[in-house]
Amino acid sequence: MHLSISINEQELVQQCIAGEEKGYAMLYNKYAKRIYHAVLRVMGNSAETEDIVQEAFCTAFEQIDRLKNQNNFEGWVKRIALNQAISTLRKKKMVFTEDSHLEAVADEELDLNEEFIFQCQVDDVKKAIADLPDGYRTIVSLHLFEDMGQEEIGKMLGINHATVRSQYHRAKKKIFTALKDKAYYGT
Amino acid sequence: MERDFFKQYIQEHKDAFENEALPPNMLGNILDKLKERENQAALEVTPIKKLKLNYTWLAVACTLLIVGGAYLFVSQEAVDIKDPHNLSAANPSVKVQGPKNTPAIESSVQQPTVLTATTYQKQSAIKPAKIDINQAIYKGLTDSTSVAARLDAIIEAGALTALNQSLKAKLCTTFNEDSNDNVRLAALEVLSKFSNDKYVQEQLMAGLSKQKDPVVQLELIKIMGNNSSPETTDKLIAMANNPFTVDAVKEQVYYALLNNQ
């Protein structure tokens with residue numbers, strides 16, 4: 001006989017508000033991995049990622065009674081963690097540049113056949129993304145993995161949405177070029 | 001809107017992009033931090049009560065002082081009216097205009113209490129708060145919740161020219177027992193600076209059989225490779241014979257053994 005216990009997110013949040021350790025553990029186990037990877041993609045190194053994720057969960061658990069939408073705990077913690085990651089990058093003097101002249105780059109320059117990406121190995125794509133400069137990597141991660149729009153990313157990073165767009169295209173071009181160099185691209 | 005094949009690719013393979021395991025004991029660290037903060041918050045309430053109590057006593061003390069001072073002043077004045085010379089004896093710094101037939105009395109100022117205060121000020125200026133860097137590094141190394149804090153502490157230790165015994169022992173423990181490979185590797189790098197020290201050398205030698213991470217093993221062999229003591233050689237041979245030792249590490253072991261012959 002298969003027994004399944006289904007506790008919805010709202011109940012878990014209520015357990016956390018009541019200070020029950022079980023609630024903390026279940027919410028952590030449910031979302032930690034996705035949040036860890038989201039931060040790792042932005043930060044690029046595991047030591048700082050670990051600290052940021054721990055701090056984000058601590059902050060979230062401490063202030064959980066302020067969570068308005070109790071069915072969106074993951075989105076809330078992820079936002080706390082990503083904001084912290086971006087703030088850490090800023091402290092390291094990383095600047096999300098307002099290079100509006102790059103807007104012209106956009107699609108015209110990107111004359112690669114994008115469909116070739118489906119022939120690529122995940123590990124190679126992962127490495128190509130990881131090798132991007134911090135700014136490009138952040139934008140690519142937020143847009144592709146967190147499904148954030150250009151406007152939202154622009155607000156988060158404090159830059160124009162057009163800049164986000166142009167930097168995304170540049171980053172994509174860099175990734176494709178790197179993959180092409182690995183002889184995936186049809187020659 | 002234009003179709004983004006790259007985004008489509010990422011969405012289709014998202015799970016494969018997130019296949020790395022979480023660092024161990026993150027939940028434990030989070031729960032510990034939460035408890036620590038709760039305790040801190042509870043402790044912060046007590047000093048406020050103490051502070052209130054202190055203010056009350058301070059207010060009482062001030063009131064008593066003022067009342068006492070006023071009483072002394074009034075009683076002194078009563079005496080002065082009777083005998084103005086008495087005032088000059090009691091308070092030599094005050095210039096008193098006596099009755100018409102009495103000349104103004106002015107005496108030299110002699111304030112031993114002022115001298116004492118100055119001396120105290122000088123003494124406190126001579127002794128500035130000295131921050132013990134060794135203690136700060138030791139504290140950083142014991143922070144089990146933050147890898148970055150431990151790495152920072154190790155980097156600071158690396159900048160020191162000498163280590164005290166407790167810091168040396170803590171670094172060795174970190175090198176042999178820390179759960180994070182990067183931390184152990186960084187500790188090794190710092191310890192290699194002090195590899196002439198007997199204690200450090202013993203701990204590094206112990207590491208030859210304790211360390212399981214190939215990167216740490218490689219670095220350790222590079223450092224200990226020049227040591228031709230029989231014990232080191234035995235441990236290197238044991239590493240070479242261990243079926244779980246990675247090939248690259250074995251090669252480094254053979255290289256070290258050949259060089260020591």
# chains A, B, ... in the order shown; residues from 1 in each chain; ligands from 1
call {"tool": "closest_atom_pairs", "arguments": {"of": "chain B", "to": "chain A", "cutoff": "9 Å", "atoms": "only C-alpha atoms", "output": "JSON lines"}}
result
{"residue": "B:Asp4", "atom": "CA", "partner": "A:Glu114", "partner_atom": "CA", "distance": 8.1}
{"residue": "B:Phe5", "atom": "CA", "partner": "A:Glu114", "partner_atom": "CA", "distance": 6.0}
{"residue": "B:Phe6", "atom": "CA", "partner": "A:Ile117", "partner_atom": "CA", "distance": 6.7}
{"residue": "B:Lys7", "atom": "CA", "partner": "A:Leu144", "partner_atom": "CA", "distance": 5.5}
{"residue": "B:Gln8", "atom": "CA", "partner": "A:Leu144", "partner_atom": "CA", "distance": 8.7}
{"residue": "B:Tyr9", "atom": "CA", "partner": "A:Phe118", "partner_atom": "CA", "distance": 6.5}
{"residue": "B:Ile10", "atom": "CA", "partner": "A:Leu144", "partner_atom": "CA", "distance": 6.7}
{"residue": "B:Gln11", "atom": "CA", "partner": "A:Phe145", "partner_atom": "CA", "distance": 7.3}
{"residue": "B:His13", "atom": "CA", "partner": "A:Val122", "partner_atom": "CA", "distance": 7.4}
{"residue": "B:Lys14", "atom": "CA", "partner": "A:Phe145", "partner_atom": "CA", "distance": 7.6}
{"residue": "B:Ala16", "atom": "CA", "partner": "A:Val122", "partner_atom": "CA", "distance": 7.0}
{"residue": "B:Phe17", "atom": "CA", "partner": "A:Lys126", "partner_atom": "CA", "distance": 6.9}
{"residue": "B:Glu18", "atom": "CA", "partner": "A:His37", "partner_atom": "CA", "distance": 6.2}
{"residue": "B:Asn19", "atom": "CA", "partner": "A:His37", "partner_atom": "CA", "distance": 8.9}
{"residue": "B:Glu20", "atom": "CA", "partner": "A:His37", "partner_atom": "CA", "distance": 8.1}
{"residue": "B:Ala21", "atom": "CA", "partner": "A:Lys33", "partner_atom": "CA", "distance": 7.7}
{"residue": "B:Leu22", "atom": "CA", "partner": "A:Lys33", "partner_atom": "CA", "distance": 6.3}
{"residue": "B:Pro23", "atom": "CA", "partner": "A:Glu50", "partner_atom": "CA", "distance": 7.3}
{"residue": "B:Met26", "atom": "CA", "partner": "A:Gln54", "partner_atom": "CA", "distance": 6.7}
{"residue": "B:Leu27", "atom": "CA", "partner": "A:Ala25", "partner_atom": "CA", "distance": 7.0}
{"residue": "B:Asn29", "atom": "CA", "partner": "A:Gln54", "partner_atom": "CA", "distance": 7.4}
{"residue": "B:Ile30", "atom": "CA", "partner": "A:Gln54", "partner_atom": "CA", "distance": 5.7}
{"residue": "B:Leu31", "atom": "CA", "partner": "A:Glu21", "partner_atom": "CA", "distance": 7.9}
{"residue": "B:Lys33", "atom": "CA", "partner": "A:Cys58", "partner_atom": "CA", "distance": 7.2}
{"residue": "B:Leu34", "atom": "CA", "partner": "A:Cys58", "partner_atom": "CA", "distance": 6.3}
{"residue": "B:Thr145", "atom": "CA", "partner": "A:Asp51", "partner_atom": "CA", "distance": 7.9}
{"residue": "B:Ser146", "atom": "CA", "partner": "A:Asp51", "partner_atom": "CA", "distance": 5.8}
{"residue": "B:Val147", "atom": "CA", "partner": "A:Ala47", "partner_atom": "CA", "distance": 5.6}
{"residue": "B:Ala148", "atom": "CA", "partner": "A:Ala47", "partner_atom": "CA", "distance": 5.7}
{"residue": "B:Leu151", "atom": "CA", "partner": "A:Ala47", "partner_atom": "CA", "distance": 8.8}
{"residue": "B:Asn180", "atom": "CA", "partner": "A:Ala47", "partner_atom": "CA", "distance": 8.8}
{"residue": "B:Asn182", "atom": "CA", "partner": "A:Ala47", "partner_atom": "CA", "distance": 8.3}
call {"tool": "residues_around", "arguments": {"residues": "stretch 162-179 of chain B", "least_positions_apart": "6", "cutoff": "9 Å", "atoms": "only C-alpha atoms", "output": "CSV table (one decimal) with N, CA and C atoms, in the first residue's frame"}}
result
chain,number,residue,atom,x,y,z
B,24,PRO,N,26.7,20.0,2.1
B,24,PRO,CA,26.1,19.3,3.2
B,24,PRO,C,25.8,20.2,4.4
B,134,ASN,N,45.3,37.5,15.9
B,134,ASN,CA,45.3,36.0,16.0
B,134,ASN,C,43.9,35.5,16.5
B,135,GLN,N,43.4,36.3,17.5
B,135,GLN,CA,42.1,35.9,18.0
B,135,GLN,C,41.0,36.0,17.0
B,137,ILE,N,41.3,35.9,13.8
B,137,ILE,CA,41.5,34.8,12.8
B,137,ILE,C,40.9,33.5,13.3
B,138,TYR,N,41.3,33.2,14.6
B,138,TYR,CA,40.8,32.0,15.2
B,138,TYR,C,39.3,31.9,15.2
B,141,LEU,N,38.0,31.1,11.9
B,141,LEU,CA,38.1,29.6,11.5
B,141,LEU,C,37.1,28.8,12.2
B,142,THR,N,36.6,29.2,13.3
B,142,THR,CA,35.6,28.4,14.1
B,142,THR,C,34.2,28.6,13.6
B,144,SER,N,31.5,27.7,11.8
B,144,SER,CA,31.1,26.6,11.0
B,144,SER,C,30.0,26.8,10.0
B,154,ILE,N,41.5,32.3,6.8
B,154,ILE,CA,42.7,31.6,6.3
B,154,ILE,C,43.6,32.6,5.5
B,185,LEU,N,42.1,23.2,1.2
B,185,LEU,CA,43.1,23.5,0.3
B,185,LEU,C,43.8,24.8,0.7
B,186,ALA,N,43.0,25.8,1.0
B,186,ALA,CA,43.5,27.1,1.4
B,186,ALA,C,44.4,27.0,2.7
B,187,ALA,N,43.9,26.1,3.7
B,187,ALA,CA,44.6,25.9,4.9
B,187,ALA,C,46.0,25.3,4.6
B,188,LEU,N,45.9,24.4,3.7
B,188,LEU,CA,47.2,23.7,3.3
B,188,LEU,C,48.2,24.7,2.7
B,190,VAL,N,48.5,27.8,3.4
B,190,VAL,CA,49.1,28.6,4.5
B,190,VAL,C,50.0,27.8,5.3
B,191,LEU,N,49.6,26.6,5.6
B,191,LEU,CA,50.5,25.7,6.4
B,191,LEU,C,51.8,25.4,5.7
B,194,PHE,N,54.6,27.3,6.7
B,194,PHE,CA,55.3,27.0,8.0
B,194,PHE,C,55.6,25.5,8.1
B,199,TYR,N,55.5,20.7,14.5
B,199,TYR,CA,54.1,20.3,14.7
B,199,TYR,C,53.3,20.3,13.4
B,200,VAL,N,53.6,21.4,12.6
B,200,VAL,CA,52.9,21.5,11.3
B,200,VAL,C,53.3,20.4,10.4
B,203,GLN,N,51.4,17.3,11.3
B,203,GLN,CA,50.0,17.4,10.9
B,203,GLN,C,49.9,17.2,9.4
B,204,LEU,N,50.8,17.7,8.6
B,204,LEU,CA,50.8,17.6,7.2
B,204,LEU,C,51.0,16.1,6.8
B,206,ALA,N,50.2,13.6,8.7
B,206,ALA,CA,49.0,12.9,9.0
B,206,ALA,C,48.0,13.1,7.9
B,207,GLY,N,48.0,14.2,7.3
B,207,GLY,CA,47.1,14.5,6.2
B,207,GLY,C,47.3,13.6,5.0
B,210,LYS,N,44.9,11.1,5.7
B,210,LYS,CA,43.5,11.5,6.0
B,210,LYS,C,42.8,12.1,4.8
B,211,GLN,N,43.5,12.9,4.0
B,211,GLN,CA,42.9,13.7,2.9
B,211,GLN,C,42.4,12.7,1.8
call {"tool": "select_by_dssp", "arguments": {"residues": "stretch 10-162 of chain A", "states": "alpha helix (DSSP H)", "output": "NGL selection string"}}
result
:A and (10-17 or 21-43 or 46-62 or 73-91 or 106-109 or 122-130 or 134-140 or 150-157 or 161-162)
call {"tool": "residues_around", "arguments": {"residues": "A:Asn83", "least_positions_apart": "3", "cutoff": "10 Å", "atoms": "only C-alpha atoms", "output": "PyMOL selection string"}}
result
chain A and resi 39+52+56+77-80+86-89+156-157
call {"tool": "closest_residue", "arguments": {"among": "A:Gly135, A:Leu12, A:Asp124, A:Ala18", "to": "A:Gln167", "atoms": "only C-alpha atoms"}}
result
A:Gly135
call {"tool": "closest_residue", "arguments": {"among": "B:Asp181, B:Glu251, B:Glu12, B:Glu189", "to": "B:Ala157", "atoms": "only C-alpha atoms"}}
result
B:Glu189
call {"tool": "atom_distance", "arguments": {"atom1": "atom CA of A:Leu82", "atom2": "atom CA of A:His161"}}
result
18.2 Å
